[in-house]
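Worksheet for the structure shown next.
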Number of protein chains: 4
Amino acid sequence: MKTEYFKPIFLRLPPEKRQKIIDAAVEEFSRNGFDSANVNNIASKSGISVGSIYKYFDSKEHLYLSIVNHAVETLSNVLYDIIKGEEDLETRIRKIIRSIQTYTRKYVGLTKLYNEMATENHSGLTWKLVSDMENVTAGLYASMIKDAQGAGIVREDIDPKHFAFFMDNLFIMLQFSYACEYYKERMKLYVGEDVFDNDEMVEEQLMKFIKGLSS
Amino acid sequence: MKTEYFKPIFLRLPPEKRQKIIDAAVEEFSRNGFDSANVNNIASKSGISVGSIYKYFDSKEHLYLSIVNHAVETLSNVLYDIIKGEEDLETRIRKIIRSIQTYTRKYVGLTKLYNEMATENHSGLTWKLVSDMENVTAGLYASMIKDAQGAGIVREDIDPKHFAFFMDNLFIMLQFSYACEYYKERMKLYVGEDVFDNDEMVEEQLMKFIKGLSS
Amino acid sequence: MKTEYFKPIFLRLPPEKRQKIIDAAVEEFSRNGFDSANVNNIASKSGISVGSIYKYFDSKEHLYLSIVNHAVETLSNVLYDIIKGEEDLETRIRKIIRSIQTYTRKYVGLTKLYNEMATENHSGLTWKLVSDMENVTAGLYASMIKDAQGAGIVREDIDPKHFAFFMDNLFIMLQFSYACEYYKERMKLYVGEDVFDNDEMVEEQLMKFIKGLSS
Amino acid sequence: MKTEYFKPIFLRLPPEKRQKIIDAAVEEFSRNGFDSANVNNIASKSGISVGSIYKYFDSKEHLYLSIVNHAVETLSNVLYDIIKGEEDLETRIRKIIRSIQTYTRKYVGLTKLYNEMATENHSGLTWKLVSDMENVTAGLYASMIKDAQGAGIVREDIDPKHFAFFMDNLFIMLQFSYACEYYKERMKLYVGEDVFDNDEMVEEQLMKFIKGLSS
DNA sequence: AATGAATGAGCATTCATTCAT
DNA sequence: TATGAATGAATGCTCATTCAT
């Protein structure tokens, strides 16, 4: 069922070597995008030969897909741990926001890659890769909101699916705003040059935004 | 101040010719992204020679920037017309949502381009291009919200700048969700296969989301 | 009907340039075979750029096929002029033999190419190219022999088609023996180191062989 | 005198292992030609490691030469058994024809290899390999014909060496026509789609051709 | 001004060969 | 001896850019 885009031999590599390849590839793909990324560069940055890259991956595209897959798995694992908790809606949302702030900084490359990936070019393939995860998140969000509606915290007349969608949109844009040059500039322009030193403020404001305008 | 990336001669061209070049370039860049886009293709699709392209633009990059600029101008003009109106907050937000639904469908290529452009690759240059416009929008949004706070429609304890930022984030994601394959799939996954036939529903739900959860 | 493997632009080239490309390609392909032939070499030997080669031909394979086609046309034109004559069987056969001796020396590369081409690798494509010509030759030979049977010069109980086939086999091997290293060595071994200075002798003996052993 | 292109250790291998390597190499070289043949493929088809291949042979070229040598030995042993018999000329020729029909089908790969080998690429080396055998055959043919001349079966005024040469040319082409795609197509075109089901016919006609036209 | 043929650096990929285990 | 992972030079092909006409 689960398609893997690397060859079995890749898993048999010593973990540090594997990590070096992943790091170099994330760096190269997230900086240049798929087309401009240079496999030979990735190889030399990893400290291995091109030949070896092609022993581990069938093609540049498979290398890319493996890396995207890795990125999505890493990022969604983080979210998953939070969403699946038992706390009330507000606590969980706050946790998500803080995780985004923490982990997006930690995995800048992976987040850039996510943005890159959602771009037109190869979206057919990448969507297949990512849909499972988005599916899980979507479901979790929706049920989390339904619960909140049951508990009277969220108004009944809003559709949980739409709510989940808009909320995740905010999260995605927040990720990009912490990782991608363009969106970083844009965030500074909107809320001020010092946003990135004010994580609590952002958390607070986003929380308020989600909770609603009117008192 | 305002940098232009085409050469003066480009403006002296007959408008239809200019439009043909723009259309061909939007098509090629939005379908393939900057790197895979082929200048020779753009030339033949426009019905002019490569040589001429390079008479009008210094390089592929300048052609790209000119096109992005055109895209942003077109898209932001639409928004601008709406925001600058005198109606109350809710009316204006609803108008924006409906415009996004209408114009994003009309200018799919331009929207894809906006997504493409925000990608790491050329963000340095593109940001310069776009910042003016985002600046205007940001200011307009913020003052629009401030007004609403003055009128008692929006709670006082939320920062107008943050509010504007989050709201625009929602709008941007909505645009992508109507234009870019990846985000289209994602939206279908979140809210159902038939979203794209349910514009009113989306408007209604997004309105509710922005207005807030709690009654 | 007739497939051409070069692009139209190739024909618009100045003939000397075209010839230079053909010569360089014949040289490279006949010396190295399809796989080892180096397109970059062909380009520099022709005094043009690789880019141009790919403007004239879609791929290495198409370049090869164009060259093979040229070779076969050249070689079969020579034969065709002879076979279509009105002389009696023996005169025509003698003429063919002498032409082989003359033209194979003139077009060594083309003959080597013919040998190369008949080799397994790409025979599917090449056969299509060549079959028309072989078809013509086969028909001409067969009718030539039928005539001779009618005239009482060739015994009635031999099948003209088989006769044509065997005769052409002898001609093909003669061509190879005048052009390809391996077959040259072999011919010297069979009939003596000085064969290549004894064209009349070879003509005489081959004529006798074809005309038959027994008096 | 006799150069061997494998290393001594190759002979010390268990015969089945040796045979497996030979089979895989014949298959690969005859299907793809020298250049496109892949040593790693040969290794895996043989069920041994590349490393081992290079323990047994110095290089791809030596492996190739060893295989060609094997092919030629096999094929010429067959012919040798026939030619050295004591029967009269016609009987022996018929036997050769029938052997070609039988053994070429059995050893398609070896025959293709013989064709491949006679191609320009490596003819220098291969000729050295093969000349001994061709020498023997040439001599045997010639003396066989001389005998026939002595017995009054073959006209005196034809040179036995030339006769042997032309006759062997016919045999070689017959081999190719039974094994190599290109020549198979050509034979069908010359004598009909059903040639390959008509071995006796071919034998009969070739016999007649060699025996001569005139009654 | 316009053309489009020509250029050649650049990159993905392959594969013969080596060598540490 | 045997293994097979690792190497990296080599090559087909693309495409931004130039420039003679």
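For the structure tokens, the naming scheme is as follows: chains receive sequential letters (A, B, ...) according to their order of presentation, residues are indexed from 1 within each chain, and ligands are indexed from 1 in presentation order.
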Original post:
chain F residues within 9 Å of chain C, counting only C-alpha atoms (C1' of nucleotides): which ones, as a PyMOL selection string?
Top reply: chain F and resi 11-14
Produce a file of the selected residues containing N, CA and C atoms (P, O5', C5', C4', C3', O3' and C1' of nucleotides), as a compact mmCIF listing (two decimals), in the first residue's frame.
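Result file is selection-v6.txt:
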```txt
# COMPACT_ATOMS: atom_id res chain seq x y z
P DT F 11 32.58 9.58 -23.49
O5' DT F 11 31.01 9.81 -23.61
C5' DT F 11 30.10 8.78 -23.28
C4' DT F 11 28.71 9.35 -23.32
C3' DT F 11 28.48 10.37 -24.43
O3' DT F 11 27.18 10.14 -24.95
C1' DT F 11 27.90 11.33 -22.39
P DG F 12 26.83 10.50 -26.45
O5' DG F 12 25.27 10.71 -26.31
C5' DG F 12 24.46 9.71 -25.73
C4' DG F 12 23.20 10.35 -25.21
C3' DG F 12 22.48 11.24 -26.21
O3' DG F 12 21.07 11.04 -26.03
C1' DG F 12 23.17 12.53 -24.35
P DC F 13 20.06 11.72 -27.03
O5' DC F 13 19.77 13.10 -26.32
C5' DC F 13 19.28 13.08 -24.97
C4' DC F 13 19.24 14.48 -24.46
C3' DC F 13 18.63 15.53 -25.39
O3' DC F 13 17.40 15.91 -24.80
C1' DC F 13 20.57 16.34 -24.29
P DT F 14 16.58 17.16 -25.39
O5' DT F 14 16.94 18.35 -24.39
C5' DT F 14 16.84 18.12 -23.00
C4' DT F 14 17.06 19.45 -22.29
C3' DT F 14 16.23 20.59 -22.86
O3' DT F 14 15.73 21.30 -21.73
C1' DT F 14 18.52 21.16 -22.92
```
Give me the residues near Leu13 of chain B as a short mmCIF file (atom, residue, chain, number, x, y, z; two decimals) with N, CA and C atoms (P, O5', C5', C4', C3', O3' and C1' of nucleotides), in the first residue's frame, where near means some atom within 12 Å (using only C-alpha atoms (C1' of nucleotides)) and where sequence neighbours in that chain fewer than 4 positions away do not count.
```cif
data_model
loop_
_atom_site.label_atom_id
_atom_site.label_comp_id
_atom_site.auth_asym_id
_atom_site.auth_seq_id
_atom_site.Cartn_x
_atom_site.Cartn_y
_atom_site.Cartn_z
N PHE B 6 11.06 45.39 -17.26
CA PHE B 6 11.08 45.33 -18.73
C PHE B 6 11.80 46.56 -19.25
N LYS B 7 12.19 46.49 -20.52
CA LYS B 7 12.85 47.65 -21.13
C LYS B 7 11.78 48.59 -21.71
N PRO B 8 12.13 49.88 -21.84
CA PRO B 8 11.16 50.88 -22.30
C PRO B 8 10.44 50.46 -23.58
N ILE B 9 11.19 49.83 -24.46
CA ILE B 9 10.61 49.45 -25.75
C ILE B 9 9.37 48.56 -25.60
N LYS B 17 0.10 42.76 -28.86
CA LYS B 17 1.36 42.02 -28.87
C LYS B 17 1.85 41.85 -27.43
N ARG B 18 1.79 42.96 -26.70
CA ARG B 18 2.22 42.92 -25.31
C ARG B 18 1.40 41.88 -24.54
N GLN B 19 0.11 41.90 -24.77
CA GLN B 19 -0.77 40.98 -24.06
C GLN B 19 -0.45 39.53 -24.41
N LYS B 20 -0.17 39.32 -25.70
CA LYS B 20 0.15 37.95 -26.14
C LYS B 20 1.38 37.42 -25.40
N ILE B 21 2.36 38.30 -25.26
CA ILE B 21 3.58 37.89 -24.56
C ILE B 21 3.26 37.59 -23.10
N SER B 52 13.42 38.90 -30.03
CA SER B 52 12.59 40.02 -29.60
C SER B 52 12.36 40.00 -28.09
N ILE B 53 12.09 38.79 -27.58
CA ILE B 53 11.92 38.69 -26.14
C ILE B 53 13.10 39.35 -25.44
N LYS B 55 14.90 41.58 -26.58
CA LYS B 55 14.91 43.03 -26.82
C LYS B 55 14.03 43.72 -25.76
N TYR B 56 13.02 43.02 -25.31
CA TYR B 56 12.08 43.62 -24.36
C TYR B 56 12.48 43.39 -22.91
P DA E 1 13.32 50.36 -30.97
"O5'" DA E 1 12.73 49.64 -32.18
"C5'" DA E 1 13.54 49.13 -33.22
"C4'" DA E 1 12.58 48.24 -33.93
"C3'" DA E 1 12.32 46.96 -33.14
"O3'" DA E 1 11.04 46.48 -33.47
"C1'" DA E 1 13.62 46.51 -35.06
#
```
**OP:** Quick one: pick out all alpha helix (DSSP H) residues within segment 68-212 of chain A from a backbone DSSP run and write them as a PyMOL selection string.
**Re:** chain A and resi 68-83+89-106+108-117+123-150+160-179+181-191+199-211
Using only C-alpha atoms, what does the table of chain B residues within 7 Å of chain A look like, with each row giving the shortest atom pair and its distance in Å to one decimal, sorted by chain and ascending number, as a Markdown table?
```
| residue | atom | partner | partner_atom | distance |
| --- | --- | --- | --- | --- |
| B:Arg31 | CA | A:Glu120 | CA | 6.8 |
| B:Asn32 | CA | A:Asn121 | CA | 5.7 |
| B:Gly33 | CA | A:Asn121 | CA | 6.7 |
| B:Asp35 | CA | A:Asp35 | CA | 6.1 |
| B:Ser36 | CA | A:Asp35 | CA | 6.5 |
| B:Asn115 | CA | A:Thr119 | CA | 6.7 |
| B:Glu116 | CA | A:Thr119 | CA | 6.0 |
| B:Ala118 | CA | A:Tyr182 | CA | 5.5 |
| B:Thr119 | CA | A:Glu116 | CA | 5.9 |
| B:Glu120 | CA | A:Arg31 | CA | 6.0 |
| B:Asn121 | CA | A:Asn32 | CA | 5.3 |
| B:Ser123 | CA | A:Tyr182 | CA | 5.4 |
| B:Trp127 | CA | A:Tyr182 | CA | 6.0 |
| B:Asn135 | CA | A:Leu189 | CA | 6.6 |
| B:Ala138 | CA | A:Tyr190 | CA | 5.7 |
| B:Ile153 | CA | A:Ser214 | CA | 7.0 |
| B:Val154 | CA | A:Leu213 | CA | 5.3 |
| B:Arg155 | CA | A:Ser214 | CA | 5.5 |
| B:Ile158 | CA | A:Gln205 | CA | 6.5 |
| B:Lys161 | CA | A:Val191 | CA | 5.2 |
| B:His162 | CA | A:Val191 | CA | 5.8 |
| B:Phe163 | CA | A:Phe209 | CA | 6.6 |
| B:Phe165 | CA | A:Tyr190 | CA | 5.8 |
| B:Phe166 | CA | A:Leu170 | CA | 6.8 |
| B:Asn169 | CA | A:Met173 | CA | 6.2 |
| B:Leu170 | CA | A:Asn169 | CA | 6.4 |
| B:Met173 | CA | A:Asn169 | CA | 6.2 |
| B:Cys180 | CA | A:Glu120 | CA | 6.4 |
| B:Glu181 | CA | A:Glu120 | CA | 6.4 |
| B:Tyr182 | CA | A:Ala118 | CA | 5.5 |
| B:Leu189 | CA | A:Asn135 | CA | 6.7 |
| B:Tyr190 | CA | A:Ala138 | CA | 5.8 |
| B:Val191 | CA | A:Lys161 | CA | 5.3 |
| B:Gln205 | CA | A:Ile158 | CA | 6.5 |
| B:Lys208 | CA | A:Ile158 | CA | 6.9 |
| B:Phe209 | CA | A:Phe163 | CA | 6.6 |
| B:Ile210 | CA | A:Gly212 | CA | 6.6 |
| B:Lys211 | CA | A:Leu213 | CA | 5.5 |
| B:Gly212 | CA | A:Gly212 | CA | 3.0 |
| B:Leu213 | CA | A:Gly212 | CA | 5.2 |
| B:Ser214 | CA | A:Arg155 | CA | 5.5 |
| B:Ser215 | CA | A:Arg155 | CA | 6.3 |
```
Based on the selection just made, write N, CA and C atoms of those residues as a compact mmCIF listing (two decimals), in the first residue's frame.
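As a result, result-v9.txt now contains:
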```
# COMPACT_ATOMS: atom_id res chain seq x y z
N ARG B 31 2.54 27.11 -15.34
CA ARG B 31 2.48 25.66 -15.53
C ARG B 31 3.76 24.98 -15.09
N ASN B 32 4.90 25.62 -15.33
CA ASN B 32 6.17 24.92 -15.13
C ASN B 32 7.04 25.46 -14.01
N GLY B 33 6.68 26.62 -13.48
CA GLY B 33 7.60 27.23 -12.52
C GLY B 33 8.73 27.92 -13.25
N ASP B 35 12.05 27.66 -13.23
CA ASP B 35 13.20 26.95 -13.80
C ASP B 35 12.86 26.14 -15.03
N SER B 36 11.72 25.46 -14.98
CA SER B 36 11.37 24.63 -16.12
C SER B 36 10.73 25.42 -17.25
N ASN B 115 1.69 31.85 -5.95
CA ASN B 115 2.17 30.77 -5.10
C ASN B 115 3.61 30.45 -5.45
N GLU B 116 3.83 30.20 -6.70
CA GLU B 116 5.17 29.91 -7.23
C GLU B 116 6.20 30.93 -6.76
N ALA B 118 6.16 32.93 -4.23
CA ALA B 118 6.44 33.00 -2.80
C ALA B 118 7.38 31.88 -2.36
N THR B 119 7.72 31.06 -3.30
CA THR B 119 8.62 29.95 -3.04
C THR B 119 10.05 30.47 -2.89
N GLU B 120 10.85 29.73 -2.17
CA GLU B 120 12.18 30.20 -1.81
C GLU B 120 12.97 30.81 -2.96
N ASN B 121 13.01 30.06 -4.08
CA ASN B 121 13.90 30.37 -5.19
C ASN B 121 14.26 31.83 -5.44
N SER B 123 12.71 34.53 -3.89
CA SER B 123 11.91 35.36 -3.00
C SER B 123 12.54 36.72 -2.75
N TRP B 127 10.02 39.65 -3.45
CA TRP B 127 9.50 40.37 -2.29
C TRP B 127 9.53 41.89 -2.51
N ASN B 135 1.95 46.01 1.46
CA ASN B 135 1.96 47.10 2.42
C ASN B 135 0.62 47.85 2.40
N ALA B 138 -2.13 45.59 3.75
CA ALA B 138 -1.99 45.46 5.20
C ALA B 138 -2.56 46.69 5.90
N ILE B 153 -17.88 46.69 16.79
CA ILE B 153 -18.18 45.41 16.13
C ILE B 153 -17.12 44.36 16.42
N VAL B 154 -15.90 44.85 16.63
CA VAL B 154 -14.80 43.94 16.91
C VAL B 154 -14.27 44.22 18.31
N ARG B 155 -14.01 43.16 19.06
CA ARG B 155 -13.56 43.35 20.43
C ARG B 155 -12.27 44.18 20.46
N ILE B 158 -8.15 42.83 20.68
CA ILE B 158 -7.38 42.17 19.63
C ILE B 158 -6.62 43.22 18.82
N LYS B 161 -3.46 44.82 13.64
CA LYS B 161 -2.44 44.31 12.72
C LYS B 161 -2.44 42.78 12.66
N HIS B 162 -2.48 42.18 13.82
CA HIS B 162 -2.54 40.72 13.83
C HIS B 162 -3.81 40.22 13.16
N PHE B 163 -4.88 40.89 13.51
CA PHE B 163 -6.14 40.47 12.90
C PHE B 163 -6.06 40.53 11.37
N PHE B 165 -3.46 40.40 9.57
CA PHE B 165 -2.54 39.35 9.10
C PHE B 165 -3.24 38.00 8.98
N PHE B 166 -3.91 37.60 10.06
CA PHE B 166 -4.56 36.29 10.04
C PHE B 166 -5.66 36.24 8.98
N ASN B 169 -4.15 35.85 5.69
CA ASN B 169 -3.70 34.46 5.56
C ASN B 169 -4.83 33.57 5.07
N LEU B 170 -5.98 33.77 5.65
CA LEU B 170 -7.13 32.96 5.22
C LEU B 170 -7.48 33.23 3.76
N MET B 173 -4.84 31.56 1.46
CA MET B 173 -5.06 30.12 1.35
C MET B 173 -6.31 29.81 0.55
N CYS B 180 -4.59 26.21 -7.19
CA CYS B 180 -3.44 25.30 -7.29
C CYS B 180 -3.85 23.86 -6.99
N GLU B 181 -3.40 22.97 -7.85
CA GLU B 181 -3.80 21.56 -7.75
C GLU B 181 -3.70 21.02 -6.34
N TYR B 182 -2.52 21.20 -5.75
CA TYR B 182 -2.30 20.64 -4.43
C TYR B 182 -3.34 21.12 -3.44
N LEU B 189 -10.50 17.37 0.29
CA LEU B 189 -10.32 16.39 1.36
C LEU B 189 -10.90 16.92 2.68
N TYR B 190 -10.70 18.19 2.94
CA TYR B 190 -11.17 18.76 4.21
C TYR B 190 -12.69 18.94 4.26
N VAL B 191 -13.23 19.51 3.16
CA VAL B 191 -14.65 19.86 3.27
C VAL B 191 -15.57 19.13 2.30
N GLN B 205 -19.46 29.94 5.73
CA GLN B 205 -18.65 29.32 6.77
C GLN B 205 -17.43 30.17 7.11
N LYS B 208 -18.47 33.03 9.16
CA LYS B 208 -18.70 32.62 10.56
C LYS B 208 -17.38 32.41 11.30
N PHE B 209 -16.43 31.78 10.58
CA PHE B 209 -15.13 31.51 11.21
C PHE B 209 -14.46 32.82 11.63
N ILE B 210 -14.51 33.78 10.73
CA ILE B 210 -13.85 35.06 11.04
C ILE B 210 -14.59 35.80 12.16
N LYS B 211 -15.90 35.70 12.11
CA LYS B 211 -16.69 36.40 13.13
C LYS B 211 -16.56 35.77 14.52
N GLY B 212 -16.18 34.52 14.54
CA GLY B 212 -15.89 33.95 15.85
C GLY B 212 -16.76 32.78 16.25
N LEU B 213 -16.20 32.00 17.13
CA LEU B 213 -16.83 30.76 17.54
C LEU B 213 -17.99 30.98 18.48
N SER B 214 -17.64 31.70 19.48
CA SER B 214 -18.59 31.81 20.59
C SER B 214 -19.73 32.75 20.22
N SER B 215 -20.86 32.46 20.72
CA SER B 215 -21.99 33.36 20.48
C SER B 215 -21.89 34.49 21.49
```
Residues of chain E that have any atom at most 12 Å from an atom of chain C: could you tabulate them with the shortest-distance atom pair and the distance in Å to one decimal, using only C-alpha atoms (C1' of nucleotides), ordered by chain and increasing number, as CSV?
```
residue,atom,partner,partner_atom,distance
E:DG4,C1',C:Ile9,CA,11.4
E:DA5,C1',C:Ser52,CA,8.3
E:DA6,C1',C:Ser52,CA,6.5
E:DT7,C1',C:Ser49,CA,6.4
E:DG8,C1',C:Ser49,CA,7.2
E:DA9,C1',C:Gly51,CA,11.1
```
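The shortest atom-to-atom distance to DG10 of chain E, with only C-alpha atoms (C1' of nucleotides) taken into account, belongs to F:DC15 out of F:DA20, F:DA9, F:DC15, F:DA2.
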Subject >> Two-atom distance - atom CA of Asn69 of chain A, atom CA of Val108 of chain B (Å) >> reply: 27.5 Å
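Atom pair atom CA of Ile145 of chain B / atom CA of Arg94 of chain A has a distance of 24.0 Å (rounded to one decimal).
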